[in-house]
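A.B. asks: I have a structure here, written as structure tokens, and I will follow up with some questions on it.
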6 protein chains.
Amino acid sequence: VHITVINPNTAGAITDTIVAAARAVALSGVEISGTNPAVGVASVESHSEEAWATMGILAEIEHAEAPDRELDQNQQRRSDPKPDAFVIACFGDTGIDAAREAATVPVVGMTEAALFVAATVAHRFTIVTMPTRTVAQSERVVRSLGLGHRCTVRAVDVPVSDLVTGSAHLLPIFAAEARQAMSRDGAEAIILGCAGLADLVEPLGAELGIPVIEGVAAAVSFAAGLVAQRLSTSRASTFAAVPTTPSARELLR
Amino acid sequence: VHITVINPNTAGAITDTIVAAARAVALSGVEISGTNPAVGVASVESHSEEAWATMGILAEIEHAEAPDRELDQNQQRRSDPKPDAFVIACFGDTGIDAAREAATVPVVGMTEAALFVAATVAHRFTIVTMPTRTVAQSERVVRSLGLGHRCTVRAVDVPVSDLVTGSAHLLPIFAAEARQAMSRDGAEAIILGCAGLADLVEPLGAELGIPVIEGVAAAVSFAAGLVAQRLSTSRASTFAAVPTTPSARELLR
Amino acid sequence: VHITVINPNTAGAITDTIVAAARAVALSGVEISGTNPAVGVASVESHSEEAWATMGILAEIEHAEAPDRELDQNQQRRSDPKPDAFVIACFGDTGIDAAREAATVPVVGMTEAALFVAATVAHRFTIVTMPTRTVAQSERVVRSLGLGHRCTVRAVDVPVSDLVTGSAHLLPIFAAEARQAMSRDGAEAIILGCAGLADLVEPLGAELGIPVIEGVAAAVSFAAGLVAQRLSTSRASTFAAVPTTPSARELLR
Amino acid sequence: VHITVINPNTAGAITDTIVAAARAVALSGVEISGTNPAVGVASVESHSEEAWATMGILAEIEHAEAPDRELDQNQQRRSDPKPDAFVIACFGDTGIDAAREAATVPVVGMTEAALFVAATVAHRFTIVTMPTRTVAQSERVVRSLGLGHRCTVRAVDVPVSDLVTGSAHLLPIFAAEARQAMSRDGAEAIILGCAGLADLVEPLGAELGIPVIEGVAAAVSFAAGLVAQRLSTSRASTFAAVPTTPSARELLR
Amino acid sequence: VHITVINPNTAGAITDTIVAAARAVALSGVEISGTNPAVGVASVESHSEEAWATMGILAEIEHAEAPDRELDQNQQRRSDPKPDAFVIACFGDTGIDAAREAATVPVVGMTEAALFVAATVAHRFTIVTMPTRTVAQSERVVRSLGLGHRCTVRAVDVPVSDLVTGSAHLLPIFAAEARQAMSRDGAEAIILGCAGLADLVEPLGAELGIPVIEGVAAAVSFAAGLVAQRLSTSRASTFAAVPTTPSARELLR
Amino acid sequence: VHITVINPNTAGAITDTIVAAARAVALSGVEISGTNPAVGVASVESHSEEAWATMGILAEIEHAEAPDRELDQNQQRRSDPKPDAFVIACFGDTGIDAAREAATVPVVGMTEAALFVAATVAHRFTIVTMPTRTVAQSERVVRSLGLGHRCTVRAVDVPVSDLVTGSAHLLPIFAAEARQAMSRDGAEAIILGCAGLADLVEPLGAELGIPVIEGVAAAVSFAAGLVAQRLSTSRASTFAAVPTTPSARELLR
């Protein structure tokens, strides 16, 4: 089973970090690769940047599933495997509906997958996201799934650029906000509300004594399960293929 | 008060139709112009096409509000007025959150505005949209506003391309679906679930005997009201400006 | 377009204040007049007073739309214009369902209109009402529209009688409560939860830096839009006319 | 324990019918009397009529609880007992919030009480009300209690005036609608959506084989229970007394 | 009317306390007896213990309704009356759905009954339960009824075993939590979130000045009302009898 | 990774069928065993039977995780592996909360897992369960997760005993109901609402052309993912261990 994780921003270093972290908790037999658009935004912290990220996701799916994929642009044989599923590594599950239309294989978002995990390990739980302005994106997913009666959303209000050198230094600020979630919202599990925070899972879990959920890991597992079940996006109506849509890859070239 | 209606597909003829219809029911003192992206999709009937439409909306806002807007690319004085508000003329309110970040003036969606009108003239009401696959887009707006207990969504399942020659020929099919809505869902008003259907307002209303609501007209009125009240999108957090986002206009050039 | 604002309490001075404030932000071509019942309650801060207010609203609509309206009781030609729409200027939209049955033209409530505006300029928002006991009335409208996931209700717990000399002196107490809404509820816009607070719009907005919404202004704009769209209350079922209802005007004479 | 049932329309014959039916299923020790306003509407089938009914309810409460109640207007000793609780016998629980403020004893609505009973004897259930236009009133109570996921509302669309000669002749039409509720909505119990339908409880239940719930009976039982528990409306805030409200009894004299 | 209160834990002393308290506020003509399983758990503070409690409830219903109930195991004539209804005296309404299938008479839970009372005496209200871990059980009932928009759940985090010597000593801690509910959640009534707290009703009510609701008392009244109305659980589908279920009484012997 | 599937009824043949089907779609490296209680009910089609099933689940967890598990009752070395996670193979996720308290490893229900899958492959979806009386159990899970706006529940009304000889013969009846779900509810995926229906996945999917989801397969994948992510049930509060609960295994011996 091969899962391709799409980081919809252009920060390749973050992509590598995300993939490495996902591999560390992958089931045996699950191979993970990562990709990100070459053109777009350095991080996704707003709805405008989500517009770019969505286009980038469509471009990466198009590239990964290209019918002529055997040879790359230089007529070299491509070494990247054809994915069995995609994971969107952007909190808020940016562009996931469009991705489901575009891909011929299942697509899983890190936010939805994290919420599913939380709902099976805790009665109430809290997303701790980074910039306060992105609370709305988290709430969008919570609302779409209907989990508002069990999930709150909080923010540490740190820009995503703070993750360039890893996330370990954010432990105190995440722990403080998570403790507020535990005492005020009754949270029994914490969802890390951003990709690139895998470093926090272990130390934060140790400090809080409750499950700390990282969405990319959750999504990779979930996607592998869909592949094993031979299930993919329903093509009946909402997510039917749209062959007439122009090439996102051409646009972002 | 000047309102610019953005049709996010590339069909200029539809833009003209929409603007003409909106002008016919505009309040005195409200001027309406229309625009659409030169690059993008011919119609918006899927999430993938919404990705293109969103980029197109951002490009049009950028163009309309360009700081150097006095002169156009050929160094000619531009004749289009600087808008006091934007209206998104695409059912499902495609890209509206990004538009709110990008614009310095208020942005109103045709779907939300139609729902507000419906909620003031009827206890229960129904959106009749066109392609069945876009029911999800209508439901997204209904869910975001919380009106699911009063609003149902139905579709006539006709492609949007059928509107090229106007919508009058769709009267029987819309009337049939609306009658279902009245008898089964208790609908007391009908929302036309697509831009470009203004021709249907009068004959359908006459046939059904209940209010028939056209979203662009509703949105233009609403936007004019926001301008009069001197209100615009809150910049406090969710919709704060994002100056670092790349130029959508450059992308779609 | 002529809009009649009905203040359902008997305080004519408040009516004048409300109308003046509404005129200051009206679209060109929109004329506004005000009226209030001669018999009833001095302010509406409870459900019992809402009963009186509702009867007063019905009486005023009856009077404004009287078929024999050309001559008044003294056989003098009446100078007040026949309204194209009514606005209910009482937070909680007291009696609005009955008003929709009684009137032949559209009726808009200040609370619903303010909520519509808030939903287009902010992700989350808060009503700051005056007496704590009226929180239930605000919540009634929020619940009816389904906006509970985006709107909180708070109160400064000041009696409405404090507005006799204007509302400017309430700025500090409103600002304090609004700041709580911003920090605790994530409010990005504030709705003034009482008629007669228009004086606060500008200074409170300046102090908070977020939109401050006044419901009568919002409702007048919205009502004018309905008139332009040639839409009125659906007569299909819930709000069909009830010709056998006795005269409220006779009752309150 | 003495319960006064307030029929808010002016049809005294209906009041007698309602009281007789309620007595037939009252707990031992519970005495029931009935009253209705002398001035108002003959039946309550609209929001406008609810305005009159609310005023009538306030007048009847005022009369029943008058501090000088020992002597009537003719200086005769009054024979009616001071109520320990009031029941509002109008589907939709018209005016109940105002009644809770006005009364010094508990007030129970027939709709809320019927819904409580339904929720304890069935997983899903349906209100079958009479005029279709009053569906909104039933839904108002369902929504206020939050039972929309378990309760549907249907109507036989018969005017309330059809009850003048009793309700037995409506058995076939109620049975037909109830069967629709059973097969389409999964209803396992039926709530009779109008006062004055007690005659239907037994034959309809026999025909359908599921519980048929009559709201006045439910409310009288519930009210008696509140009295036994020594509980009444909270005066803390929403339903605090409003001593300054004018006399409804004077108004309707 | 005879109501049997089932305390699903094995603490007979608590059963006696509960029954005594219920009798003190019963309507005239309502007789109350109590029972509890001989085998099971000493208190119900978790989902695992609820499994045992449910089995105990089924055993007690089976015993009380045994077809051969005239003679007990020692061939002595049984003195306990055949119940007309059952009340489940365990906050969270443990096992109530199974009980409704098993019993031939109505079954009422103390949590649902308390919530019904609260909804008729207050706009907003709060359950104050004991162990924090049982908040989920309270929320389960609130969610099932749909009252989440009006009801919050809080806990004093005291083990139920603290009730062995009565509950009077818990007054300060309950009062403190209730005051938080009043100031932060707008609570206008308090529901005692555990059986065996009847001692607190009067002093807590006196201290807070708002209604304090005890669920067993509420449920006994409600159950008596169902009997008077000749209503019992619908056998149509969800709660149809399940004659093949093995004997719980044999299991717990 | 070793997953133990608990079939909570006593039909060992069904257990074998379920395990075989789950293995057929398991990820590599995931081993699956099955177990069922020796004492209990032959199938779980009611709340009473769920009480027995819950006790059976607790007994099986206790047995599988026994601290002295190395030797069996006959002092023979046990060959069954210690599970890394449990799956509850009963639609409605019977007893799952108690199981989460009892187990030291994660527990996943087939219903919740199927719903998670459905939410990632379809906009709207439908559970098709077997006995109509168990619709309430399905709706309990849908409600707990909040997916009621996207999921409907239907039943073919066939007793579970019909599965003794497999489920292939039920294809026509399931297909018919699923087609109703597609045309009336807009379902784009179908969830098989009972364990033991794996035979239907392929032919039903082929006939309908949309995803058909089998919950045990979904749950096994999900559970394996939790193990890979090193996550288990939060012990903070709701699901903390309850060491004092008596032995279910002793009870069902």
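Here, A, B, ... name the chains of the structure tokens in the order displayed, residue numbers run from 1 inside each chain, and ligands are numbered from 1 in the same displayed order.
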For chain C against chain A, with a cut-off of 9 Å and counting only C-alpha atoms, what is the closest atom pair and its distance in Å to one decimal for every residue that makes the cut, ordered by chain and number, as JSON lines?
C.D. replies:
```
{"residue": "C:His123", "atom": "CA", "partner": "A:Ala136", "partner_atom": "CA", "distance": 7.0}
{"residue": "C:Arg124", "atom": "CA", "partner": "A:Ala136", "partner_atom": "CA", "distance": 8.7}
{"residue": "C:His149", "atom": "CA", "partner": "A:Gly148", "partner_atom": "CA", "distance": 8.3}
```
A.B. asks: Which residues come within 10 Å of Thr54 in chain A, counting only C-alpha atoms, excluding same-chain residues fewer than 3 positions away, as JSON, numbers by chain?
C.D. replies: {"A": [8, 9, 40, 49, 50, 51, 57, 58, 59, 60, 88, 93, 94, 95, 96, 97, 98, 99, 248], "B": [48, 50, 51, 52, 54, 55]}
A.B. asks: Would you mind exporting N, CA, C and O atoms of the selected residues as a CSV table (one decimal), in the first residue's frame?
C.D. replies:
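Contents of part26.csv, as written:
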```csv
chain,number,residue,atom,x,y,z
A,8,PRO,N,0.3,20.9,1.1
A,8,PRO,CA,-0.1,21.9,0.0
A,8,PRO,C,0.7,23.2,0.1
A,8,PRO,O,0.3,24.1,-0.7
A,9,ASN,N,1.6,23.4,1.0
A,9,ASN,CA,2.5,24.6,0.8
A,9,ASN,C,3.8,24.2,0.1
A,9,ASN,O,4.0,23.1,-0.2
A,40,GLY,N,3.1,28.3,-5.1
A,40,GLY,CA,2.0,28.5,-4.2
A,40,GLY,C,2.4,29.3,-3.0
A,40,GLY,O,3.1,30.4,-3.2
A,49,GLU,N,-4.9,31.8,1.2
A,49,GLU,CA,-3.8,30.8,1.0
A,49,GLU,C,-4.4,29.4,0.8
A,49,GLU,O,-3.8,28.6,0.0
A,50,GLU,N,-5.5,29.1,1.3
A,50,GLU,CA,-6.2,27.9,1.0
A,50,GLU,C,-6.6,27.8,-0.5
A,50,GLU,O,-6.6,26.7,-1.0
A,51,ALA,N,-6.9,28.9,-1.1
A,51,ALA,CA,-7.2,28.9,-2.5
A,51,ALA,C,-6.0,28.4,-3.3
A,51,ALA,O,-6.1,27.5,-4.2
A,57,ILE,N,-2.8,21.2,-4.5
A,57,ILE,CA,-3.2,19.9,-4.3
A,57,ILE,C,-3.7,19.2,-5.6
A,57,ILE,O,-3.4,18.1,-6.0
A,58,LEU,N,-4.6,20.0,-6.3
A,58,LEU,CA,-5.0,19.4,-7.6
A,58,LEU,C,-3.9,19.2,-8.6
A,58,LEU,O,-3.9,18.2,-9.3
A,59,ALA,N,-2.9,20.1,-8.6
A,59,ALA,CA,-1.7,19.9,-9.4
A,59,ALA,C,-1.0,18.6,-9.0
A,59,ALA,O,-0.5,17.8,-9.9
A,60,GLU,N,-0.8,18.4,-7.8
A,60,GLU,CA,0.0,17.3,-7.3
A,60,GLU,C,-0.8,15.9,-7.6
A,60,GLU,O,-0.1,14.9,-7.9
A,88,ILE,N,-4.2,14.6,2.7
A,88,ILE,CA,-3.9,16.1,2.7
A,88,ILE,C,-3.4,16.5,4.0
A,88,ILE,O,-4.0,16.4,5.1
A,93,ASP,N,-8.2,20.5,6.4
A,93,ASP,CA,-8.5,19.7,5.3
A,93,ASP,C,-8.8,20.5,4.0
A,93,ASP,O,-9.8,20.2,3.2
A,94,THR,N,-7.9,21.4,3.8
A,94,THR,CA,-8.0,22.3,2.6
A,94,THR,C,-8.2,21.6,1.3
A,94,THR,O,-7.5,20.6,1.1
A,95,GLY,N,-9.2,22.0,0.6
A,95,GLY,CA,-9.3,21.5,-0.8
A,95,GLY,C,-9.7,20.0,-0.9
A,95,GLY,O,-9.7,19.4,-2.0
A,96,ILE,N,-10.2,19.4,0.2
A,96,ILE,CA,-10.4,18.0,0.2
A,96,ILE,C,-11.5,17.6,-0.7
A,96,ILE,O,-11.5,16.5,-1.4
A,97,ASP,N,-12.5,18.4,-0.8
A,97,ASP,CA,-13.7,18.0,-1.7
A,97,ASP,C,-13.2,18.0,-3.2
A,97,ASP,O,-13.5,17.1,-3.9
A,98,ALA,N,-12.5,19.0,-3.6
A,98,ALA,CA,-11.9,19.0,-4.9
A,98,ALA,C,-11.0,17.9,-5.2
A,98,ALA,O,-11.0,17.2,-6.2
A,99,ALA,N,-10.2,17.6,-4.2
A,99,ALA,CA,-9.2,16.5,-4.3
A,99,ALA,C,-10.0,15.1,-4.5
A,99,ALA,O,-9.6,14.3,-5.3
A,248,ALA,N,-4.6,22.0,-13.4
A,248,ALA,CA,-4.0,22.8,-12.4
A,248,ALA,C,-2.5,22.8,-12.5
A,248,ALA,O,-1.8,23.7,-12.1
B,48,SER,N,-13.9,21.0,-7.9
B,48,SER,CA,-12.7,21.3,-8.7
B,48,SER,C,-12.9,22.7,-9.4
B,48,SER,O,-12.0,23.5,-9.4
B,50,GLU,N,-14.8,24.9,-8.5
B,50,GLU,CA,-14.8,26.0,-7.5
B,50,GLU,C,-13.4,26.5,-7.1
B,50,GLU,O,-13.2,27.6,-6.8
B,51,ALA,N,-12.4,25.5,-7.2
B,51,ALA,CA,-11.1,25.9,-7.0
B,51,ALA,C,-10.6,27.0,-8.0
B,51,ALA,O,-10.0,28.0,-7.6
B,52,TRP,N,-11.0,26.7,-9.2
B,52,TRP,CA,-10.6,27.7,-10.3
B,52,TRP,C,-11.4,29.0,-10.1
B,52,TRP,O,-10.9,30.1,-10.3
B,54,THR,N,-12.6,30.3,-7.3
B,54,THR,CA,-12.1,31.0,-6.2
B,54,THR,C,-10.8,31.9,-6.6
B,54,THR,O,-10.7,33.0,-6.3
B,55,MET,N,-10.0,31.2,-7.4
B,55,MET,CA,-8.8,32.0,-7.9
B,55,MET,C,-9.2,33.1,-8.8
B,55,MET,O,-8.7,34.2,-8.7
```
A.B. asks: So what do you get for CA of Ile14 in chain E versus CA of Val164 in chain E, distance-wise?
C.D. replies: 7.6 Å
A.B. asks: Report as a short mmCIF file (atom, residue, chain, number, x, y, z; two decimals) with C-alpha atoms, in the first residue's frame all protein, DNA and RNA residues lying within 8 Å of Val212 in chain A, evaluated on only C-alpha atoms, omitting residues in the same chain fewer than 3 positions from it.
C.D. replies:
```
data_model
loop_
_atom_site.label_atom_id
_atom_site.label_comp_id
_atom_site.auth_asym_id
_atom_site.auth_seq_id
_atom_site.Cartn_x
_atom_site.Cartn_y
_atom_site.Cartn_z
CA ALA A 189 -7.64 14.06 24.40
CA ILE A 190 -5.82 16.76 22.44
CA ILE A 191 -5.60 17.08 18.67
CA LEU A 192 -2.56 18.94 17.37
CA VAL A 201 3.12 14.01 20.40
CA GLU A 202 5.32 12.17 22.83
CA LEU A 204 2.98 16.54 25.34
CA GLY A 205 1.30 13.20 25.93
#
```
A.B. asks: Residues near range 171-173 of chain D, anyone? I mean within 9 Å using only C-alpha atoms, not counting same-chain ones fewer than 5 positions away, as a PDB file with N, CA, C and O atoms, in the first residue's frame.
C.D. replies:
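So the final result, stored in selection-v4.pdb, reads:
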```pdb
ATOM      1  N   VAL D 156     -53.738  17.510   9.442  1.00  0.00           N
ATOM      2  CA  VAL D 156     -54.867  16.985   8.668  1.00  0.00           C
ATOM      3  C   VAL D 156     -55.558  18.084   7.862  1.00  0.00           C
ATOM      4  O   VAL D 156     -56.393  17.814   7.013  1.00  0.00           O
ATOM      5  N   ALA D 178     -52.002   9.523  10.720  1.00  0.00           N
ATOM      6  CA  ALA D 178     -51.146   8.823  11.686  1.00  0.00           C
ATOM      7  C   ALA D 178     -50.474   7.612  11.051  1.00  0.00           C
ATOM      8  O   ALA D 178     -49.322   7.295  11.342  1.00  0.00           O
ATOM      9  N   LEU D 200     -60.786  11.411  20.694  1.00  0.00           N
ATOM     10  CA  LEU D 200     -60.068  10.568  19.729  1.00  0.00           C
ATOM     11  C   LEU D 200     -59.084   9.613  20.399  1.00  0.00           C
ATOM     12  O   LEU D 200     -58.621   8.661  19.767  1.00  0.00           O
ATOM     13  N   PRO D 203     -60.401   5.651  20.562  1.00  0.00           N
ATOM     14  CA  PRO D 203     -60.589   4.954  19.281  1.00  0.00           C
ATOM     15  C   PRO D 203     -59.347   4.988  18.383  1.00  0.00           C
ATOM     16  O   PRO D 203     -59.046   4.005  17.705  1.00  0.00           O
ATOM     17  N   LEU D 204     -58.634   6.091  18.407  1.00  0.00           N
ATOM     18  CA  LEU D 204     -57.450   6.177  17.554  1.00  0.00           C
ATOM     19  C   LEU D 204     -56.372   5.225  18.059  1.00  0.00           C
ATOM     20  O   LEU D 204     -55.728   4.511  17.281  1.00  0.00           O
TER      21      LEU D 204
END
```
A.B. asks: Report as an MDAnalysis selection string: the residues of range 30-197 of chain E with a DSSP assignment of helix (DSSP H, G or I), based on the backbone of this structure.
C.D. replies: chainID E and resid 47:64 96:102 110:121 132:145 160:163 168:185
A.B. asks: Would you compute the distance between CA of Cys194 in chain F and CA of Asp162 in chain F? Give it in Å to one decimal.
C.D. replies: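 Straight-line distance from CA of Cys194 in chain F to CA of Asp162 in chain F works out to 11.7 Å.
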A.B. asks: Using only C-alpha atoms, determine which residues lie at most 12 Å from Thr17 in chain A, disregarding the query and same-chain residues fewer than 4 positions distant; provide the list as a short mmCIF file (atom, residue, chain, number, x, y, z; two decimals) with all heavy atoms, in the first residue's frame.
C.D. replies:
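Final file, result18.cif:
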```cif
data_model
loop_
_atom_site.label_atom_id
_atom_site.label_comp_id
_atom_site.auth_asym_id
_atom_site.auth_seq_id
_atom_site.Cartn_x
_atom_site.Cartn_y
_atom_site.Cartn_z
N VAL A 5 1.44 11.63 0.71
CA VAL A 5 1.02 12.76 1.54
C VAL A 5 1.28 14.05 0.78
O VAL A 5 2.43 14.30 0.37
CB VAL A 5 1.80 12.76 2.88
CG1 VAL A 5 1.43 13.98 3.71
CG2 VAL A 5 1.54 11.47 3.65
N ASN A 7 1.58 17.87 1.01
CA ASN A 7 1.71 19.08 1.80
C ASN A 7 1.39 20.23 0.86
O ASN A 7 2.13 20.48 -0.08
CB ASN A 7 3.14 19.19 2.33
CG ASN A 7 3.41 20.56 2.93
OD1 ASN A 7 2.48 21.31 3.25
ND2 ASN A 7 4.69 20.91 3.06
N ALA A 11 6.85 24.49 1.13
CA ALA A 11 8.01 24.28 1.99
C ALA A 11 8.41 22.81 1.98
O ALA A 11 7.91 22.00 2.78
CB ALA A 11 7.71 24.76 3.41
N GLY A 12 9.30 22.47 1.11
CA GLY A 12 9.73 21.08 0.96
C GLY A 12 10.32 20.50 2.24
O GLY A 12 10.15 19.30 2.52
N ALA A 13 10.97 21.31 3.03
CA ALA A 13 11.55 20.79 4.27
C ALA A 13 10.46 20.30 5.21
O ALA A 13 10.60 19.28 5.89
CB ALA A 13 12.39 21.88 4.95
N ALA A 21 7.84 11.69 10.03
CA ALA A 21 7.03 11.45 11.22
C ALA A 21 5.95 10.42 10.93
O ALA A 21 5.65 9.54 11.76
CB ALA A 21 6.41 12.75 11.71
N ALA A 22 5.33 10.51 9.77
CA ALA A 22 4.26 9.57 9.43
C ALA A 22 4.81 8.16 9.31
O ALA A 22 4.18 7.18 9.74
CB ALA A 22 3.57 10.01 8.13
N ARG A 23 6.02 8.04 8.72
CA ARG A 23 6.61 6.71 8.57
C ARG A 23 6.88 6.06 9.94
O ARG A 23 6.77 4.85 10.08
CB ARG A 23 7.93 6.82 7.80
CG ARG A 23 7.72 6.96 6.31
CD ARG A 23 9.05 7.12 5.58
NE ARG A 23 8.81 7.33 4.14
CZ ARG A 23 9.60 8.03 3.34
NH1 ARG A 23 10.72 8.59 3.81
NH2 ARG A 23 9.30 8.15 2.06
N ALA A 24 7.21 6.88 10.91
CA ALA A 24 7.57 6.35 12.22
C ALA A 24 6.39 5.64 12.90
O ALA A 24 6.59 4.83 13.80
CB ALA A 24 8.09 7.47 13.12
N SER A 33 5.09 8.38 0.75
CA SER A 33 5.93 9.38 0.11
C SER A 33 5.26 10.74 0.29
O SER A 33 4.10 10.82 0.68
CB SER A 33 6.10 9.07 -1.39
OG SER A 33 4.86 9.18 -2.04
N GLY A 34 6.01 11.77 0.00
CA GLY A 34 5.44 13.11 0.17
C GLY A 34 5.68 13.96 -1.05
O GLY A 34 6.59 13.70 -1.84
N THR A 35 4.86 14.95 -1.18
CA THR A 35 5.03 15.87 -2.29
C THR A 35 4.45 17.22 -1.90
O THR A 35 3.65 17.31 -0.97
CB THR A 35 4.35 15.33 -3.57
OG1 THR A 35 4.75 16.15 -4.67
CG2 THR A 35 2.85 15.36 -3.46
N ALA A 89 -2.14 17.02 4.02
CA ALA A 89 -1.45 17.37 5.26
C ALA A 89 -1.56 18.85 5.54
O ALA A 89 -0.56 19.57 5.57
CB ALA A 89 0.00 16.92 5.17
N LEU A 163 7.54 26.95 13.00
CA LEU A 163 7.82 25.52 12.93
C LEU A 163 9.05 25.21 12.10
O LEU A 163 9.44 24.05 11.95
CB LEU A 163 6.62 24.77 12.35
CG LEU A 163 5.33 24.82 13.16
CD1 LEU A 163 4.28 23.97 12.49
CD2 LEU A 163 5.59 24.33 14.58
N VAL A 164 9.69 26.23 11.56
CA VAL A 164 10.82 26.00 10.65
C VAL A 164 11.89 25.13 11.32
O VAL A 164 12.45 24.23 10.70
CB VAL A 164 11.41 27.34 10.18
CG1 VAL A 164 12.67 27.09 9.33
CG2 VAL A 164 10.38 28.11 9.37
N THR A 165 12.12 25.41 12.55
CA THR A 165 13.17 24.67 13.25
C THR A 165 12.58 23.57 14.13
O THR A 165 13.18 23.18 15.13
CB THR A 165 13.99 25.63 14.12
OG1 THR A 165 13.07 26.30 15.01
CG2 THR A 165 14.70 26.65 13.26
N GLY A 166 11.43 23.05 13.75
CA GLY A 166 10.80 22.02 14.57
C GLY A 166 9.82 22.62 15.54
O GLY A 166 9.63 23.84 15.60
N SER A 167 9.15 21.74 16.29
CA SER A 167 8.08 22.22 17.18
C SER A 167 8.39 22.01 18.65
O SER A 167 7.59 22.38 19.51
CB SER A 167 6.77 21.49 16.82
OG SER A 167 6.93 20.09 16.94
N ALA A 195 -0.12 20.59 10.73
CA ALA A 195 0.87 19.61 10.30
C ALA A 195 2.24 20.08 10.79
O ALA A 195 2.45 21.27 11.01
CB ALA A 195 0.86 19.48 8.78
N GLY A 196 3.15 19.14 10.96
CA GLY A 196 4.50 19.51 11.36
C GLY A 196 4.71 19.56 12.85
O GLY A 196 5.72 20.07 13.34
N LEU A 197 3.76 19.04 13.61
CA LEU A 197 3.86 19.08 15.07
C LEU A 197 4.13 17.70 15.66
O LEU A 197 3.98 17.50 16.87
CB LEU A 197 2.57 19.65 15.68
CG LEU A 197 2.27 21.13 15.38
CD1 LEU A 197 0.92 21.51 15.96
CD2 LEU A 197 3.36 22.02 15.98
N ALA A 198 4.54 16.74 14.84
CA ALA A 198 4.68 15.37 15.33
C ALA A 198 5.67 15.27 16.50
O ALA A 198 5.52 14.41 17.37
CB ALA A 198 5.11 14.45 14.20
N ASP A 199 6.64 16.18 16.52
CA ASP A 199 7.60 16.17 17.64
C ASP A 199 6.94 16.34 19.00
O ASP A 199 7.50 15.99 20.03
CB ASP A 199 8.60 17.34 17.48
CG ASP A 199 9.59 17.10 16.36
OD1 ASP A 199 9.59 16.00 15.78
OD2 ASP A 199 10.36 18.05 16.07
N VAL A 216 -1.70 13.70 10.60
CA VAL A 216 -1.14 13.03 9.42
C VAL A 216 -0.98 11.53 9.71
O VAL A 216 -1.34 10.70 8.87
CB VAL A 216 0.21 13.67 9.01
CG1 VAL A 216 0.80 12.91 7.82
CG2 VAL A 216 0.01 15.14 8.67
#
```
A.B. asks: Report as an NGL selection string all protein, DNA and RNA residues lying within 6 Å of Val128 in chain B, evaluated on only C-alpha atoms, omitting residues in the same chain fewer than 3 positions from it.
C.D. replies: :B and (154-155 or 192-193)
A.B. asks: From a backbone DSSP assignment, name each residue in range 1-248 of chain F labelled strand (DSSP E or B), as a PyMOL selection string.
C.D. replies: chain F and resi 2-6+31-35+71+77+85-88+107-109+125-129+151-155+190-193+212-214
